[in-house]
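Asks: Mind having a look at this structure? Questions to follow.
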Amino acid sequence: MRLPLLISLLFPGLTSLAQPSAPTPTPALLLRPAAVFDGETLHPGWAVLTEGDKIKAVGPAAQLPAPAGARTVELPGLTLLPGLIEGHSHLLLHPYNETSWNDQVLQESEALRVARATAHARATLEAGFTTVRDLGSEGAGYADVGLKQAIDRGLIPGPRMVVATRALVATGSYGPKLAAGFVVPQGAQEADGVDGIIRAVREQIGRGADVIKVYADYRWGANEPSRPTFTQDELNLIVQTARSSGRPVVAHASTPEGMRRATLAGVQTIEHGDAGTPEVFKLMKQRGVALCPTVAAGDATSRYRGWRKGQDPEPERIQQKKQTMKAALQSGVDLAYGGDVGVFAHGDNLREAELLIQEYGFTSLQTLRGFTAGNARIFQLPDRGRIQPGLLADLVAVAGDPTKDIKTLRQVRLVVKGGVVVKE
């Protein structure tokens with residue numbers, strides 16, 4: 001009890017330096033765009049009032065006067081919408097035409113990868129994506145947890161992150177793979193059997209995972225097609241262990257059997273689903289499992305392999321994806337929206353939406369709803385994805401009307417995260 005008094009008498013300036021300063025209150029914002037897209041519907045002539053990090057009021061501009069001390073931001077000709085939610089990203093990866101996945105995992109230091117990821121986080125936020133579901137550090141351990149913490153503490157700019165940390169693979173099924181006899185660091189955590197799976201899931205949760213990612217199928221050999229990896233019982237156990245801690249499981253799966261097993265286990269989403277069948281999509285719909293198709297990733301990797309889009313015939317992989325997506329749409333399965341960003345450049349997240357519209361028959365309104373309210377619902381993020389009182393003040397203003405032309409999302413004029421203007 002007497003030590004602080006003694007320190008204050010001997011060193012009068014020290015205690016003031018040691019005391020944490022009170023956080024500066026976030027000023028209220030009155031945003032007056034041409035229209036507000038609330039996550040479902042466009043409302044011309046509406047305005048939005050924020051207070052602290054939340055949305056305070058929404059409605060016709062004439063009914064929302066600026067309170068004392070609020071900053072009014074006029075946004076003529078712009079549409080204000082919820083901050084976009086990226087459904088599948090890897091902030092710790094960069095495009096494979098710059099450096100192959102193997103070389104990123106084996107030759108780039110974790111320090112280099114984290115430094116580059118800080119630039120990726122900024123680019124993502126400035127592109128209007130205020131939340132990302134980051135599905136695996138790909139050999140960088142728990143660096144995604146540290147990146148998330150740095151963003152949350154205001155040390156670096158970036159989106160809110162939902163992180164999967166290391167991801168789970170069956171022993172021997174993932175990469176990198178070199179010549180027989182060489183043991184190298186893997187891009188995910190290997191686990192098998194009851195004890196190994198429970199331990200790995202709990203370890204990832206304890207180290208900061210918000211979601212558990214499992215590779216339900218993969219290529220066992222370099223030139224093999226993908227095949228199931230975990231058994232049904234193993235997948236059931238992964239979901240059961242994660243669910244007991246309140247975490248969902250997402251599954252990388254591209255084969256019908258891998259998708260079927262993951263669906264029966266009760267995962268939240270299936271990523272990719274390249275060879276999905278009508279029967280599998282029907283089962284997913286029945287079980288409430290969503291598909292995140294990541295069409296932009298396949299498009300990008302095909303180009304990296306030499307496909308000259310618009311000149312050469314479509315690769316078999318692209319043709320199959322279009323057939324798969326047609327079956328998925330016909331089944332009515334729920335869709336999550338994310339491009340597997342990191343395979344291509346961060347900040348170019350809109351590629352997924354543009355491809356879905358240009359080549360897969362989606363509408364601008366459909367994709368806009370998907371990247372906002374739809375993703376928030378599927379990913380169980382009830383505090384974002386829509387513009388309504390009480391939700392997070394994560395907002396983006398773009399030139400034009402994105403419900404009619406999704407390309408206007410490339411004309412980002414304002415980004416607000418938690419009631420703070422981060423790009424203007």
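In the structure tokens, chains take letters A, B, ... by order of appearance, with residues numbered from 1 within each chain and ligands from 1 in the order shown.
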Excluding stretch 286-294 of chain A and any residue of its chain fewer than 5 positions from it, enumerate the residues within 8 Å of it, using only C-alpha atoms, and give them as a list in words.
Replies: Gly87, His88, Thr263, Leu264, Gly266, Val267, Gln268, Thr269, Ile270, Glu271, His272, Gly273, Asp274, Met325, Val333, Asp334, Leu335, Ala336, Tyr337, Gly338, Gly339, Asp340, Glu352 and Ile378 of chain A
Asks: Write out as an MDAnalysis selection string the residues lying within 10 Å of A:Lys404, counting only C-alpha atoms and excluding same-chain residues fewer than 3 positions away.
Replies: chainID A and resid 363:365 368 400:401 407:408
Asks: Among stretch 47-130 of chain A, which ones does DSSP assign to strand (DSSP E) (computed from the backbone)? Answer as a VMD selection string.
Replies: chain A and resid 47 to 51 54 to 60 71 to 82 84 to 89 129 to 130
Asks: As a list in words, please: the residues near A:Arg122 (cut-off 9 Å, only C-alpha atoms, same-chain neighbours under 2 positions excluded).
Replies: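 Neighbouring residues, sequence-local ones excluded: Ala117, Thr118, Ala119, His120, Thr124, Leu125, Glu126, Ala127, Ile156, Pro157, Gly158, Pro159 and Gly347 of chain A.
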Asks: Check the smallest atom-to-atom distance from each of A:Gly59, A:Gly246, A:Gly69, A:Pro256 to A:Pro389 using only C-alpha atoms, then report the winner.
Replies: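 Checking each candidate against A:Pro389, we get A:Gly59 as the closest.
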Asks: A:Leu414, A:Val58, A:Leu93, A:Ile406: which is nearest A:Leu356, counting only C-alpha atoms?
Replies: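 Closest candidate: A:Ile406.
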Asks: Let me make sure I understand: among A:Gly175, A:Val183, A:Val420, A:Leu168, which one has the smallest atom-to-atom distance to A:Arg199 if we use only C-alpha atoms?
Replies: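 Ranking A:Gly175, A:Val183, A:Val420, A:Leu168 by distance to A:Arg199, first place goes to A:Leu168.
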Asks: Mind checking which residues fall within 10 Å of A:Asp144, counting only C-alpha atoms, ignoring those fewer than 2 positions away in the same chain, and posting them as a list in words?
Replies: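 Here the qualifying residues turn out to be His90, Leu91, Leu92, Val114, Ala117, Asp134, Leu135, Gly136, Ser137, Glu138, Ala140, Gly141, Tyr142, Gly146, Leu147, Lys148, Gln149, Ala150, Met161, Val162, Val163, Ala164, Thr165, Arg166, Gly208 and Ala209 of chain A.
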Asks: Taking only C-alpha atoms into account, which of A:Arg386, A:Arg207, A:Lys322, A:Arg160 comes nearest A:Ala275?
Replies: A:Lys322
Asks: Quote the spacing between atom CA of A:Thr229 and atom CA of A:Thr171 in Å to one decimal place.
Replies: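 Taking atom CA of A:Thr229 and atom CA of A:Thr171, their separation equals 8.8 Å.
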Asks: Compare A:Ile55, A:Leu30, A:Leu355, A:Val295 by their minimum atom-to-atom distance to A:Gly418, counting only C-alpha atoms, and give me the closest one.
Replies: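 Looking at the shortest contact to A:Gly418, the residue is A:Ile55.
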Asks: Identify, on the basis of only C-alpha atoms, every residue whose closest approach to A:Pro278 does not exceed 9 Å; exclude the query and any residue fewer than 3 positions from it along the same chain; express the result as an NGL selection string.
Replies: :A and (281-283 or 324 or 327-328 or 330-331)
Asks: Could the residues in this selection be saved with all heavy atoms as a tab-separated table (two decimals), in the first residue's frame?
Replies:
```
chain	number	residue	atom	x	y	z
A	281	PHE	N	-24.97	-32.16	-53.21
A	281	PHE	CA	-25.54	-30.84	-52.92
A	281	PHE	C	-26.92	-30.96	-52.26
A	281	PHE	O	-27.27	-30.17	-51.39
A	281	PHE	CB	-25.64	-30.02	-54.20
A	281	PHE	CG	-24.30	-29.60	-54.75
A	281	PHE	CD1	-24.01	-29.76	-56.10
A	281	PHE	CD2	-23.33	-29.06	-53.93
A	281	PHE	CE1	-22.78	-29.38	-56.61
A	281	PHE	CE2	-22.09	-28.68	-54.42
A	281	PHE	CZ	-21.81	-28.85	-55.77
A	282	LYS	N	-27.68	-31.98	-52.65
A	282	LYS	CA	-28.97	-32.22	-52.00
A	282	LYS	C	-28.77	-32.56	-50.53
A	282	LYS	O	-29.48	-32.06	-49.65
A	282	LYS	CB	-29.71	-33.36	-52.71
A	282	LYS	CG	-31.07	-33.68	-52.10
A	282	LYS	CD	-31.74	-34.84	-52.86
A	282	LYS	CE	-33.08	-35.19	-52.22
A	282	LYS	NZ	-33.73	-36.34	-52.94
A	283	LEU	N	-27.77	-33.39	-50.25
A	283	LEU	CA	-27.46	-33.74	-48.86
A	283	LEU	C	-27.00	-32.51	-48.08
A	283	LEU	O	-27.39	-32.31	-46.93
A	283	LEU	CB	-26.37	-34.82	-48.84
A	283	LEU	CG	-25.90	-35.28	-47.45
A	283	LEU	CD1	-27.04	-35.98	-46.71
A	283	LEU	CD2	-24.69	-36.22	-47.58
A	324	THR	N	-20.43	-28.05	-62.13
A	324	THR	CA	-20.68	-28.21	-60.70
A	324	THR	C	-21.52	-27.08	-60.16
A	324	THR	O	-22.47	-27.29	-59.39
A	324	THR	CB	-19.34	-28.27	-59.95
A	324	THR	OG1	-18.60	-29.41	-60.39
A	324	THR	CG2	-19.56	-28.37	-58.44
A	327	ALA	N	-25.14	-27.42	-61.03
A	327	ALA	CA	-25.82	-28.38	-60.17
A	327	ALA	C	-26.06	-27.80	-58.78
A	327	ALA	O	-27.11	-28.04	-58.17
A	327	ALA	CB	-24.99	-29.66	-60.08
A	328	ALA	N	-25.10	-27.04	-58.27
A	328	ALA	CA	-25.25	-26.44	-56.95
A	328	ALA	C	-26.41	-25.45	-56.93
A	328	ALA	O	-27.23	-25.44	-56.00
A	328	ALA	CB	-23.95	-25.75	-56.53
A	330	GLN	N	-28.99	-25.38	-58.93
A	330	GLN	CA	-30.25	-26.09	-59.09
A	330	GLN	C	-30.70	-26.77	-57.80
A	330	GLN	O	-31.90	-26.90	-57.53
A	330	GLN	CB	-30.11	-27.13	-60.21
A	330	GLN	CG	-30.01	-26.52	-61.61
A	330	GLN	CD	-29.72	-27.56	-62.68
A	330	GLN	OE1	-29.33	-28.69	-62.39
A	330	GLN	NE2	-29.93	-27.17	-63.95
A	331	SER	N	-29.74	-27.16	-56.98
A	331	SER	CA	-30.07	-27.84	-55.72
A	331	SER	C	-30.59	-26.88	-54.66
A	331	SER	O	-31.26	-27.30	-53.71
A	331	SER	CB	-28.83	-28.55	-55.17
A	331	SER	OG	-27.91	-27.62	-54.60
```
Asks: With only C-alpha atoms as the atoms that count, which of A:Gly139, A:Gly52, A:Gly258, A:Gly206 lies nearest to A:Arg227?
Replies: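 Of all the options, A:Gly258 lies closest to A:Arg227.
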Asks: For the helix (DSSP H, G or I) assignment from backbone DSSP, which residues of stretch 80-310 of chain A qualify? Please present them as a PyMOL selection string.
Replies: chain A and resi 101-107+110-126+143-152+193-206+232-243+256-265+278-287+295-304
Asks: For A:Pro248, list every protein, DNA or RNA residue within 8 Å, evaluated using only C-alpha atoms, and leave out those in the same chain fewer than 4 positions away; present the list as a PyMOL selection string.
Replies: chain A and resi 210-212+239+242-243+267-268
Asks: Just the residues within 12 Å of A:Leu392, please, counting only C-alpha atoms, with nothing from its chain fewer than 5 positions along; format it as a PDB file with N, CA and C atoms, in the first residue's frame.
Replies:
```pdb
ATOM      1  N   LEU A  49     -26.229   7.085 -38.948  1.00  0.00           N
ATOM      2  CA  LEU A  49     -25.572   7.735 -37.815  1.00  0.00           C
ATOM      3  C   LEU A  49     -24.859   6.674 -37.000  1.00  0.00           C
ATOM      4  N   THR A  50     -23.563   6.896 -36.735  1.00  0.00           N
ATOM      5  CA  THR A  50     -22.807   5.984 -35.881  1.00  0.00           C
ATOM      6  C   THR A  50     -22.486   6.667 -34.563  1.00  0.00           C
ATOM      7  N   GLU A  51     -22.326   5.860 -33.535  1.00  0.00           N
ATOM      8  CA  GLU A  51     -21.935   6.357 -32.213  1.00  0.00           C
ATOM      9  C   GLU A  51     -21.015   5.330 -31.589  1.00  0.00           C
ATOM     10  N   GLY A  52     -19.797   5.743 -31.252  1.00  0.00           N
ATOM     11  CA  GLY A  52     -18.811   4.762 -30.816  1.00  0.00           C
ATOM     12  C   GLY A  52     -18.507   3.817 -31.956  1.00  0.00           C
ATOM     13  N   ASP A  53     -18.484   2.517 -31.678  1.00  0.00           N
ATOM     14  CA  ASP A  53     -18.185   1.557 -32.737  1.00  0.00           C
ATOM     15  C   ASP A  53     -19.430   0.915 -33.316  1.00  0.00           C
ATOM     16  N   LYS A  54     -20.622   1.449 -32.974  1.00  0.00           N
ATOM     17  CA  LYS A  54     -21.875   0.845 -33.414  1.00  0.00           C
ATOM     18  C   LYS A  54     -22.686   1.802 -34.289  1.00  0.00           C
ATOM     19  N   ILE A  55     -23.608   1.222 -35.023  1.00  0.00           N
ATOM     20  CA  ILE A  55     -24.584   2.010 -35.779  1.00  0.00           C
ATOM     21  C   ILE A  55     -25.668   2.454 -34.807  1.00  0.00           C
ATOM     22  N   LYS A  56     -25.918   3.748 -34.769  1.00  0.00           N
ATOM     23  CA  LYS A  56     -26.898   4.312 -33.841  1.00  0.00           C
ATOM     24  C   LYS A  56     -28.282   4.400 -34.473  1.00  0.00           C
ATOM     25  N   ALA A  57     -28.362   4.869 -35.720  1.00  0.00           N
ATOM     26  CA  ALA A  57     -29.654   5.053 -36.365  1.00  0.00           C
ATOM     27  C   ALA A  57     -29.493   4.989 -37.876  1.00  0.00           C
ATOM     28  N   PRO A  82     -22.803  -2.224 -46.007  1.00  0.00           N
ATOM     29  CA  PRO A  82     -22.036  -2.848 -44.922  1.00  0.00           C
ATOM     30  C   PRO A  82     -20.632  -3.201 -45.390  1.00  0.00           C
ATOM     31  N   GLY A  83     -19.680  -3.184 -44.468  1.00  0.00           N
ATOM     32  CA  GLY A  83     -18.347  -3.652 -44.807  1.00  0.00           C
ATOM     33  C   GLY A  83     -18.417  -5.061 -45.372  1.00  0.00           C
ATOM     34  N   THR A 130     -14.010  -5.507 -44.554  1.00  0.00           N
ATOM     35  CA  THR A 130     -13.742  -5.208 -43.146  1.00  0.00           C
ATOM     36  C   THR A 130     -13.695  -6.459 -42.278  1.00  0.00           C
ATOM     37  N   THR A 131     -14.022  -7.618 -42.850  1.00  0.00           N
ATOM     38  CA  THR A 131     -13.909  -8.898 -42.151  1.00  0.00           C
ATOM     39  C   THR A 131     -13.385  -9.935 -43.127  1.00  0.00           C
ATOM     40  N   ARG A 160     -11.204  -7.207 -39.560  1.00  0.00           N
ATOM     41  CA  ARG A 160     -11.448  -8.158 -38.472  1.00  0.00           C
ATOM     42  C   ARG A 160     -11.185  -9.556 -39.024  1.00  0.00           C
ATOM     43  N   ALA A 376     -22.372 -13.108 -43.259  1.00  0.00           N
ATOM     44  CA  ALA A 376     -22.515 -12.904 -41.813  1.00  0.00           C
ATOM     45  C   ALA A 376     -23.418 -13.965 -41.202  1.00  0.00           C
ATOM     46  N   LEU A 381     -21.915 -14.545 -37.600  1.00  0.00           N
ATOM     47  CA  LEU A 381     -21.385 -13.248 -37.189  1.00  0.00           C
ATOM     48  C   LEU A 381     -22.559 -12.273 -37.112  1.00  0.00           C
ATOM     49  N   PRO A 382     -23.389 -12.358 -36.078  1.00  0.00           N
ATOM     50  CA  PRO A 382     -24.633 -11.587 -36.037  1.00  0.00           C
ATOM     51  C   PRO A 382     -24.446 -10.091 -35.817  1.00  0.00           C
ATOM     52  N   ASP A 383     -23.218  -9.653 -35.522  1.00  0.00           N
ATOM     53  CA  ASP A 383     -22.995  -8.235 -35.230  1.00  0.00           C
ATOM     54  C   ASP A 383     -22.552  -7.432 -36.448  1.00  0.00           C
ATOM     55  N   ARG A 384     -22.598  -8.027 -37.636  1.00  0.00           N
ATOM     56  CA  ARG A 384     -22.123  -7.315 -38.834  1.00  0.00           C
ATOM     57  C   ARG A 384     -22.844  -7.826 -40.079  1.00  0.00           C
ATOM     58  N   GLY A 385     -22.499  -7.255 -41.229  1.00  0.00           N
ATOM     59  CA  GLY A 385     -23.066  -7.711 -42.486  1.00  0.00           C
ATOM     60  C   GLY A 385     -24.322  -6.985 -42.911  1.00  0.00           C
ATOM     61  N   ARG A 386     -24.901  -6.181 -42.020  1.00  0.00           N
ATOM     62  CA  ARG A 386     -26.111  -5.414 -42.339  1.00  0.00           C
ATOM     63  C   ARG A 386     -25.960  -4.024 -41.741  1.00  0.00           C
ATOM     64  N   ILE A 387     -26.762  -3.105 -42.223  1.00  0.00           N
ATOM     65  CA  ILE A 387     -26.795  -1.757 -41.660  1.00  0.00           C
ATOM     66  C   ILE A 387     -28.091  -1.619 -40.879  1.00  0.00           C
ATOM     67  N   VAL A 416     -15.173   2.742 -43.226  1.00  0.00           N
ATOM     68  CA  VAL A 416     -15.317   2.979 -41.782  1.00  0.00           C
ATOM     69  C   VAL A 416     -15.286   1.630 -41.094  1.00  0.00           C
ATOM     70  N   LYS A 417     -14.446   1.490 -40.092  1.00  0.00           N
ATOM     71  CA  LYS A 417     -14.367   0.256 -39.312  1.00  0.00           C
ATOM     72  C   LYS A 417     -14.544   0.601 -37.836  1.00  0.00           C
ATOM     73  N   GLY A 418     -15.574   0.035 -37.247  1.00  0.00           N
ATOM     74  CA  GLY A 418     -15.839   0.325 -35.828  1.00  0.00           C
ATOM     75  C   GLY A 418     -16.077   1.789 -35.566  1.00  0.00           C
ATOM     76  N   GLY A 419     -16.720   2.475 -36.500  1.00  0.00           N
ATOM     77  CA  GLY A 419     -17.033   3.893 -36.320  1.00  0.00           C
ATOM     78  C   GLY A 419     -15.885   4.841 -36.607  1.00  0.00           C
ATOM     79  N   VAL A 420     -14.732   4.314 -36.995  1.00  0.00           N
ATOM     80  CA  VAL A 420     -13.545   5.123 -37.292  1.00  0.00           C
ATOM     81  C   VAL A 420     -13.293   5.118 -38.787  1.00  0.00           C
TER      82      VAL A 420
END
```
